[in-house]
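Colleague: work.cif (mmCIF, C-alpha atoms) pasted underneath:
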data_input
#
loop_
_atom_site.label_atom_id
_atom_site.label_comp_id
_atom_site.auth_asym_id
_atom_site.auth_seq_id
_atom_site.Cartn_x
_atom_site.Cartn_y
_atom_site.Cartn_z
CA MET A 1 -80.10 -189.49 -39.91
CA ALA A 2 -82.63 -186.98 -38.57
CA GLU A 3 -84.68 -188.07 -35.57
CA GLN A 4 -88.38 -188.54 -36.28
CA LEU A 5 -90.42 -186.10 -34.20
CA GLY A 6 -94.07 -185.56 -33.51
CA LYS A 7 -95.36 -188.95 -34.59
CA ILE A 8 -98.92 -189.47 -33.35
CA GLU A 9 -100.52 -192.88 -33.31
CA ARG A 10 -104.13 -192.91 -34.52
CA PRO A 11 -106.63 -194.22 -31.97
CA GLN A 12 -107.91 -197.72 -32.55
CA ALA A 13 -111.10 -199.35 -31.29
CA SER A 14 -109.00 -201.65 -29.08
CA ASP A 15 -107.64 -198.60 -27.22
CA PHE A 16 -111.14 -197.86 -25.91
CA ARG A 17 -112.42 -201.36 -25.28
CA ASN A 18 -114.53 -201.61 -22.11
CA LYS A 19 -114.86 -197.83 -22.02
CA ARG A 20 -117.83 -195.58 -22.65
CA LYS A 21 -117.40 -193.10 -25.52
CA LEU A 22 -119.32 -189.93 -26.35
CA TYR A 23 -119.04 -187.95 -29.59
CA LEU A 24 -119.82 -184.30 -28.80
CA VAL A 25 -121.33 -182.31 -31.70
CA PRO A 26 -121.84 -178.51 -31.44
CA LEU A 27 -125.47 -177.83 -32.31
CA LEU A 28 -125.90 -175.05 -34.90
CA PHE A 29 -129.13 -173.68 -36.35
CA SER A 30 -130.13 -171.80 -39.49
CA GLY A 31 -133.36 -170.14 -40.55
CA GLU A 32 -134.90 -169.16 -43.85
CA LYS A 33 -133.85 -165.54 -43.31
CA ALA A 34 -130.20 -166.39 -42.67
CA PRO A 35 -127.68 -164.81 -45.09
CA ALA A 36 -126.80 -166.96 -48.09
CA GLU A 37 -123.14 -166.95 -47.07
CA TYR A 38 -124.02 -168.41 -43.67
CA LYS A 39 -126.33 -171.02 -45.20
CA GLU A 40 -123.47 -172.21 -47.41
CA LYS A 41 -121.10 -172.57 -44.45
CA PHE A 42 -123.87 -174.16 -42.39
CA ALA A 43 -124.50 -176.85 -45.03
CA LEU A 44 -120.76 -177.54 -45.27
CA TYR A 45 -120.52 -177.80 -41.49
CA TRP A 46 -123.15 -180.51 -41.22
CA ALA A 47 -121.67 -182.43 -44.14
CA GLN A 48 -118.30 -182.39 -42.36
CA VAL A 49 -119.93 -183.41 -39.06
CA GLY A 50 -121.35 -186.50 -40.78
CA GLU A 51 -117.92 -187.39 -42.16
CA HIS A 52 -116.19 -186.77 -38.82
CA VAL A 53 -118.67 -188.94 -36.91
CA ALA A 54 -118.34 -191.72 -39.51
CA ASN A 55 -114.55 -191.64 -39.05
CA LEU A 56 -114.91 -191.84 -35.26
CA GLU A 57 -117.26 -194.79 -35.61
CA ALA A 58 -114.82 -196.61 -37.87
CA LYS A 59 -111.89 -196.07 -35.50
CA ILE A 60 -113.44 -196.05 -32.03
CA GLY A 61 -116.96 -197.44 -32.00
CA LYS A 62 -120.36 -197.39 -33.67
CA VAL A 63 -122.98 -195.05 -32.22
CA SER A 64 -125.50 -196.95 -30.08
CA HIS A 65 -127.26 -194.03 -28.36
CA ILE A 66 -128.22 -190.56 -29.59
CA TYR A 67 -128.72 -187.65 -27.19
CA HIS A 68 -130.03 -184.29 -28.37
CA GLU A 69 -130.62 -181.00 -26.61
CA SER A 70 -134.33 -180.02 -26.38
CA ILE A 71 -135.53 -183.58 -27.10
CA ALA A 72 -137.63 -185.02 -24.26
CA LEU A 73 -139.03 -188.00 -26.17
CA GLY A 74 -137.22 -191.11 -27.32
CA GLY A 75 -137.53 -193.30 -30.40
CA GLU A 76 -139.76 -192.39 -33.34
CA ASP A 77 -141.69 -189.77 -31.38
CA GLY A 78 -138.44 -187.98 -30.58
CA LEU A 79 -137.30 -188.17 -34.21
CA LYS A 80 -140.51 -186.47 -35.35
CA VAL A 81 -139.85 -183.59 -32.95
CA LEU A 82 -136.20 -183.42 -34.01
CA GLU A 83 -137.11 -183.24 -37.69
CA ARG A 84 -139.01 -180.02 -37.03
CA LEU A 85 -136.38 -178.64 -34.65
CA ASN A 86 -133.25 -179.12 -36.73
CA PRO A 87 -133.41 -181.02 -40.06
CA SER A 88 -129.59 -181.16 -40.25
CA SER A 89 -128.98 -183.01 -36.98
CA TYR A 90 -132.15 -185.03 -37.67
CA ARG A 91 -130.63 -186.50 -40.85
CA ILE A 92 -127.60 -187.76 -38.93
CA ALA A 93 -129.75 -189.09 -36.08
CA ARG A 94 -132.11 -190.84 -38.50
CA GLU A 95 -129.18 -192.49 -40.28
CA LYS A 96 -127.76 -193.76 -37.00
CA CYS A 97 -131.18 -195.06 -35.89
CA GLN A 98 -131.53 -196.93 -39.17
CA GLY A 99 -128.18 -198.53 -38.33
CA GLY A 100 -129.43 -199.72 -34.93
CA ALA A 101 -128.86 -196.74 -32.63
CA VAL A 102 -131.54 -195.49 -30.22
CA LEU A 103 -132.63 -191.87 -29.79
CA GLU A 104 -132.88 -191.30 -26.05
CA ALA A 105 -135.19 -188.92 -24.20
CA THR A 106 -132.43 -186.50 -23.22
CA GLU A 107 -134.28 -183.62 -21.55
CA ASP A 108 -136.89 -183.19 -18.83
CA ARG A 109 -139.58 -181.32 -20.80
CA GLU A 110 -140.86 -179.14 -17.96
CA LEU A 111 -137.36 -178.21 -16.81
CA ALA A 112 -136.17 -177.43 -20.35
CA ASP A 113 -139.22 -175.24 -21.03
CA GLU A 114 -138.71 -173.33 -17.78
CA ASN A 115 -135.04 -172.78 -18.58
CA MET A 116 -135.84 -171.45 -22.06
CA ASP A 117 -138.51 -169.12 -20.67
CA TRP A 118 -136.01 -167.58 -18.25
CA GLU A 119 -133.53 -167.24 -21.13
CA ARG A 120 -136.14 -165.35 -23.17
CA PHE A 121 -136.76 -163.00 -20.26
CA LEU A 122 -133.02 -162.30 -19.99
CA LEU A 123 -132.79 -161.44 -23.69
CA MET A 124 -135.61 -158.88 -23.30
CA GLY A 125 -133.57 -156.70 -20.96
CA PHE A 126 -134.79 -154.92 -17.80
CA LEU A 127 -134.99 -151.43 -16.38
CA SER A 128 -134.66 -152.76 -12.83
CA GLN A 129 -131.32 -154.30 -11.82
CA LYS A 130 -133.11 -156.10 -8.98
CA VAL A 131 -135.47 -157.85 -11.40
CA ALA A 132 -132.58 -158.64 -13.76
CA LYS A 133 -130.65 -160.26 -10.89
CA VAL A 134 -133.62 -162.41 -9.85
CA VAL A 135 -134.25 -163.60 -13.42
CA ALA A 136 -130.55 -164.36 -13.93
CA GLU A 137 -130.50 -166.44 -10.74
CA PHE A 138 -133.56 -168.45 -11.84
CA TYR A 139 -131.97 -168.99 -15.26
CA GLU A 140 -128.68 -170.19 -13.76
CA GLU A 141 -130.48 -172.52 -11.35
CA THR A 142 -132.63 -174.14 -14.04
CA SER A 143 -129.59 -174.39 -16.34
CA ARG A 144 -127.67 -176.25 -13.64
CA LYS A 145 -130.56 -178.68 -13.06
CA ARG A 146 -131.06 -179.14 -16.78
CA TYR A 147 -127.40 -179.98 -17.42
CA GLU A 148 -127.38 -182.35 -14.45
CA HIS A 149 -130.40 -184.13 -15.93
CA ILE A 150 -128.71 -184.51 -19.33
CA ALA A 151 -125.56 -185.92 -17.70
CA ARG A 152 -127.66 -188.32 -15.63
CA ARG A 153 -129.58 -189.55 -18.69
CA ILE A 154 -126.30 -190.27 -20.48
CA ASP A 155 -124.89 -192.03 -17.43
CA GLU A 156 -128.03 -194.19 -17.05
CA THR A 157 -128.25 -195.32 -20.66
CA LEU A 158 -124.70 -195.46 -22.06
CA LYS A 159 -123.23 -198.82 -21.14
CA THR A 160 -119.67 -200.12 -20.99
CA ASP A 161 -118.02 -200.42 -24.42
CA GLU A 162 -120.82 -198.40 -26.07
CA ALA A 163 -120.53 -195.12 -27.97
CA GLY A 164 -123.07 -192.32 -27.96
CA ILE A 165 -123.44 -188.97 -29.72
CA LEU A 166 -124.64 -185.74 -28.09
CA PHE A 167 -125.87 -182.73 -30.06
CA ILE A 168 -125.77 -179.66 -27.84
CA ARG A 169 -125.13 -175.95 -28.21
CA GLU A 170 -121.65 -174.55 -27.64
CA GLY A 171 -121.09 -173.07 -24.19
CA HIS A 172 -122.98 -175.83 -22.38
CA LEU A 173 -121.93 -176.75 -18.83
CA VAL A 174 -122.72 -180.46 -18.80
CA GLN A 175 -120.32 -182.33 -16.50
CA PHE A 176 -119.87 -185.79 -17.97
CA PRO A 177 -119.14 -188.84 -15.79
CA ARG A 178 -115.39 -189.31 -15.40
CA ASP A 179 -115.35 -192.76 -16.97
CA ILE A 180 -116.74 -191.49 -20.29
CA GLU A 181 -114.21 -190.63 -23.01
CA VAL A 182 -115.47 -187.49 -24.76
CA PHE A 183 -114.47 -186.78 -28.37
CA SER A 184 -115.22 -183.27 -29.66
CA VAL A 185 -116.47 -183.06 -33.24
CA ALA A 186 -115.05 -179.78 -34.56
CA PRO A 187 -114.69 -179.85 -38.37
CA PRO A 188 -112.93 -176.98 -40.24
CA ALA A 189 -116.25 -175.39 -41.21
CA LEU A 190 -116.94 -174.64 -37.53
CA ASP A 191 -113.91 -172.32 -37.41
CA GLU A 192 -115.08 -170.71 -40.65
CA ILE A 193 -118.49 -170.01 -39.13
CA HIS A 194 -116.95 -168.53 -36.00
CA ARG A 195 -114.71 -166.31 -38.12
CA TRP A 196 -117.65 -165.21 -40.27
CA GLN A 197 -119.68 -164.35 -37.16
CA ARG A 198 -116.82 -162.30 -35.67
CA GLN A 199 -116.31 -160.38 -38.91
CA ARG A 200 -120.04 -159.72 -39.25
CA LEU A 201 -120.26 -158.46 -35.65
CA ALA A 202 -117.21 -156.22 -36.14
CA ALA A 203 -118.72 -154.76 -39.32
CA GLU A 204 -122.02 -154.05 -37.54
CA GLU A 205 -120.23 -152.35 -34.63
CA GLU A 206 -118.17 -150.26 -37.04
CA GLY A 207 -121.36 -149.24 -38.86
CA GLU A 208 -123.00 -148.21 -35.58
CA GLY A 209 -119.91 -146.17 -34.73
CA GLU A 210 -120.12 -144.37 -38.07
CA ASP A 211 -123.81 -143.54 -37.45
CA GLU A 212 -123.01 -142.06 -34.05
CA ARG A 213 -120.33 -139.79 -35.50
CA HIS A 214 -122.67 -138.35 -38.15
#
Hey, can you dump this file as structure tokens for me?

Modeller:
Amino acid sequence: MAEQLGKIERPQASDFRNKRKLYLVPLLFSGEKAPAEYKEKFALYWAQVGEHVANLEAKIGKVSHIYHESIALGGEDGLKVLERLNPSSYRIAREKCQGGAVLEATEDRELADENMDWERFLLMGFLSQKVAKVVAEFYEETSRKRYEHIARRIDETLKTDEAGILFIREGHLVQFPRDIEVFSVAPPALDEIHRWQRQRLAAEEEGEGEDERH
């Protein structure tokens, strides 16, 4: 009789009792001018995120706290801001709030604004390497403080045996407290979006190469 290999036990809520849990959702955006193909994948992504989070809640723990990048207000005031910022993550946050979860003030408004201003300067580009270096240093410093603030807000509000959800852009450098179990939400549509973006970038670079040769 062949030996059974690779059997993985599904996590149960009892496995994480008396622990803090955080469901980490990559924050994606879409605008009116986005290509139709991207919009389709974007809509599928957020539908799959909702399903993935619901599965985590059923197996590990119901969301009690909601944390969201760029949101410096909690409760209803924060939800109003979120609705304008990203309707897709707003719908999930609203649903969880209706089920008893609380939207937390995740960011320090002044610090987040400063960080985004430095980011905008970086994207502009510079003639002077000295100026570019100074701006990059300010951006890195405010990013570090911003991520520390987000981690601190989670640590202060997420209690033992509770589960929270954090919506934040990919590539973040938030260092979560060691006693928090982090579960990444990465549905299949996320890989599809990454693949689409790589193919689109490669096609654009190839087109630029063709223009240079002619």

Colleague: Applying the PyMOL selection byres ((chain A and resi 79-82) around 10) to the file I just gave you, which residues come out? Please list them as a list in words.

Modeller: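 Going through the file, the PyMOL selection byres ((chain A and resi 79-82) around 10) ends up selecting His68, Glu69, Ser70, Ile71, Ala72, Leu73, Gly74, Gly75, Glu76, Asp77, Gly78, Glu83, Arg84, Leu85, Asn86, Pro87, Ser88, Ser89, Tyr90, Arg91, Ala93, Arg94, Cys97, Leu103 and Glu104 of chain A.
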
Colleague: Can you work out which one of A:Asp113, A:Ala34, A:Ala47, A:Leu56 has the shortest atom-to-atom distance to Val182 of chain A, counting all atoms listed in the file?

Modeller: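 Smallest distance to Val182 of chain A is found for A:Leu56.
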
Colleague: Care to translate the PyMOL selection byres ((chain A and resi 60) around 12) into actual residues of this file, as a PyMOL selection string?

Modeller: chain A and resi 10-23+52-59+61-63+161-164+181-183

Colleague: May I ask for the distance between atom CA of Tyr139 of chain A and atom CA of Met116 of chain A, given in Å to one decimal place?

Modeller: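 Calculated distance between atom CA of Tyr139 of chain A and atom CA of Met116 of chain A is 8.2 Å.
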
Colleague: Point out the residue among A:Leu123, A:Thr160, A:Asn115, A:Lys39 with the least atom-to-atom distance to Ser143 of chain A, counting only C-alpha atoms.

Modeller: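 Checking each of A:Leu123, A:Thr160, A:Asn115, A:Lys39 against Ser143 of chain A, counting only C-alpha atoms, the winner is A:Asn115.
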
Colleague: I need the residue nearest Glu170 of chain A from this list: A:His194, A:Lys130, A:His65, A:Arg109. Use only C-alpha atoms for the distance.

Modeller: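 For Glu170 of chain A, the nearest of the given residues is A:His194.
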
Colleague: When distances are computed from only C-alpha atoms, which of A:Trp196, A:Glu110, A:Pro187, A:Tyr67 shows the smallest separation from Arg153 of chain A?

Modeller: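 Distance minimum relative to Arg153 of chain A lands on A:Tyr67.
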
Colleague: Which one is closest to Ser64 of chain A: A:Ala189, A:Ile168, A:Ala101, A:Ala151? Count only C-alpha atoms.

Modeller: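 Using only C-alpha atoms, Ser64 of chain A sits closest to A:Ala101.
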
Colleague: Could you jot down the atom CA of Gln129 of chain A to atom CA of Glu206 of chain A separation for me, Å, one decimal place?

Modeller: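 We find that atom CA of Gln129 of chain A and atom CA of Glu206 of chain A lie 28.7 Å from each other.
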
Colleague: Considering only C-alpha atoms, state which residue in the set A:Thr157, A:Val25, A:Ala136, A:Ala105 is at the smallest distance from Asp117 of chain A.

Modeller: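 Smallest separation from Asp117 of chain A among the options: A:Ala136.
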
Colleague: What does the distance between atom CA of Glu119 of chain A and atom CA of Tyr147 of chain A come to in Å, to one decimal place?

Modeller: 14.6 Å

Colleague: Around (-130.5, -185.4, -21.2) in the file's own coordinates, what residues are found within 6 Å if you use only C-alpha atoms, given back as a list in words?

Modeller: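 Neighbouring residues, ordered by chain and number, come to Thr106, Glu107, His149, Ile150 and Arg153 of chain A.
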
Colleague: To box segment 48-52 of chain A, take all atoms listed in the file, fit an axis-aligned box, add 8 Å on each side, and give centre and edge lengths in Å to one decimal, as lines of an AutoDock Vina configuration file.

Modeller:
center_x = -118.8
center_y = -184.9
center_z = -40.6
size_x = 21.2
size_y = 21.0
size_z = 19.5

Colleague: Going by the chain IDs and residue numbers used in this file, which residues fall under the PyMOL selection byres ((chain A and resi 28) around 8)? Write them as JSON, numbers by chain.

Modeller: {"A": [26, 27, 29, 30, 42, 169]}

Colleague: Pull C-alpha atoms for segment 24-138 of chain A from the block and write them as a compact mmCIF listing (two decimals), in the first residue's frame.

Modeller:
# COMPACT_ATOMS: atom_id res chain seq x y z
CA LEU A 24 -3.05 41.15 5.06
CA VAL A 25 -4.72 42.34 1.83
CA PRO A 26 -2.65 43.89 -1.02
CA LEU A 27 -4.26 47.23 -1.85
CA LEU A 28 -4.88 47.71 -5.59
CA PHE A 29 -6.41 50.71 -7.35
CA SER A 30 -8.14 51.34 -10.65
CA GLY A 31 -9.21 54.52 -12.41
CA GLU A 32 -11.76 55.38 -15.06
CA LYS A 33 -9.01 55.50 -17.71
CA ALA A 34 -7.68 52.03 -16.87
CA PRO A 35 -7.75 49.49 -19.75
CA ALA A 36 -10.89 47.35 -19.88
CA GLU A 37 -8.78 44.20 -19.52
CA TYR A 38 -7.30 45.49 -16.26
CA LYS A 39 -10.70 46.57 -14.94
CA GLU A 40 -12.00 43.04 -15.48
CA LYS A 41 -9.09 41.48 -13.58
CA PHE A 42 -9.37 44.16 -10.91
CA ALA A 43 -13.05 43.37 -10.29
CA LEU A 44 -12.27 39.64 -10.13
CA TYR A 45 -9.44 40.31 -7.67
CA TRP A 46 -11.65 42.11 -5.18
CA ALA A 47 -14.37 39.49 -5.48
CA GLN A 48 -11.78 36.81 -4.67
CA VAL A 49 -10.41 38.89 -1.77
CA GLY A 50 -13.89 38.96 -0.24
CA GLU A 51 -14.19 35.19 -0.58
CA HIS A 52 -10.69 34.59 0.81
CA VAL A 53 -11.31 36.80 3.85
CA ALA A 54 -14.66 35.11 4.50
CA ASN A 55 -12.91 31.72 4.46
CA LEU A 56 -10.26 32.95 6.91
CA GLU A 57 -12.96 34.28 9.21
CA ALA A 58 -14.78 30.95 9.16
CA LYS A 59 -11.63 28.97 9.95
CA ILE A 60 -9.54 31.29 12.11
CA GLY A 61 -11.54 34.21 13.47
CA LYS A 62 -14.01 36.96 12.65
CA VAL A 63 -12.58 40.39 11.81
CA SER A 64 -12.88 42.78 14.77
CA HIS A 65 -10.63 45.62 13.58
CA ILE A 66 -10.04 47.12 10.13
CA TYR A 67 -6.83 48.96 9.26
CA HIS A 68 -6.39 50.76 5.96
CA GLU A 69 -3.48 52.63 4.42
CA SER A 70 -4.11 56.40 4.01
CA ILE A 71 -7.01 56.40 6.51
CA ALA A 72 -6.39 58.68 9.49
CA LEU A 73 -9.95 58.72 10.83
CA GLY A 74 -11.85 55.92 12.51
CA GLY A 75 -15.49 54.85 12.44
CA GLU A 76 -18.04 56.42 10.10
CA ASP A 77 -15.83 59.41 9.30
CA GLY A 78 -13.09 57.06 8.13
CA LEU A 79 -15.53 55.03 6.05
CA LYS A 80 -16.64 58.17 4.22
CA VAL A 81 -13.03 58.93 3.30
CA LEU A 82 -12.43 55.31 2.30
CA GLU A 83 -15.46 55.27 0.01
CA ARG A 84 -13.90 58.06 -2.04
CA LEU A 85 -10.40 56.58 -1.90
CA ASN A 86 -11.12 53.01 -2.95
CA PRO A 87 -14.73 51.81 -3.42
CA SER A 88 -13.58 48.18 -3.66
CA SER A 89 -11.87 47.95 -0.27
CA TYR A 90 -14.63 50.19 1.13
CA ARG A 91 -17.29 47.59 0.32
CA ILE A 92 -15.42 44.92 2.27
CA ALA A 93 -14.74 47.29 5.18
CA ARG A 94 -18.37 48.41 5.29
CA GLU A 95 -19.57 44.80 5.35
CA LYS A 96 -17.24 43.97 8.24
CA CYS A 97 -18.33 47.09 10.16
CA GLN A 98 -21.97 46.09 9.72
CA GLY A 99 -20.98 42.76 11.28
CA GLY A 100 -19.49 44.47 14.35
CA ALA A 101 -15.92 45.31 13.30
CA VAL A 102 -14.38 48.75 13.91
CA LEU A 103 -12.49 50.83 11.34
CA GLU A 104 -9.43 52.15 13.14
CA ALA A 105 -7.56 55.40 12.49
CA THR A 106 -4.52 53.72 10.96
CA GLU A 107 -2.36 56.62 9.78
CA ASP A 108 -1.00 59.85 11.23
CA ARG A 109 -2.46 62.35 8.73
CA GLU A 110 0.42 64.84 8.76
CA LEU A 111 3.06 62.12 8.48
CA ALA A 112 1.22 60.32 5.67
CA ASP A 113 0.78 63.57 3.70
CA GLU A 114 4.47 64.42 4.09
CA ASN A 115 5.48 60.95 2.93
CA MET A 116 3.25 61.16 -0.16
CA ASP A 117 4.61 64.61 -1.02
CA TRP A 118 8.18 63.30 -0.97
CA GLU A 119 7.07 60.36 -3.12
CA ARG A 120 5.59 62.76 -5.68
CA PHE A 121 8.85 64.70 -5.78
CA LEU A 122 10.78 61.48 -6.42
CA LEU A 123 8.51 60.56 -9.33
CA MET A 124 9.18 63.95 -10.96
CA GLY A 125 12.87 63.22 -11.44
CA PHE A 126 15.79 65.62 -10.89
CA LEU A 127 18.69 67.09 -12.83
CA SER A 128 20.80 67.33 -9.66
CA GLN A 129 21.93 64.07 -8.04
CA LYS A 130 22.48 65.98 -4.80
CA VAL A 131 18.84 67.10 -4.69
CA ALA A 132 17.66 63.61 -5.66
CA LYS A 133 19.67 62.11 -2.77
CA VAL A 134 18.22 64.57 -0.24
CA VAL A 135 14.64 63.94 -1.38
CA ALA A 136 15.17 60.17 -1.31
CA GLU A 137 16.50 60.38 2.25
CA PHE A 138 13.47 62.41 3.40
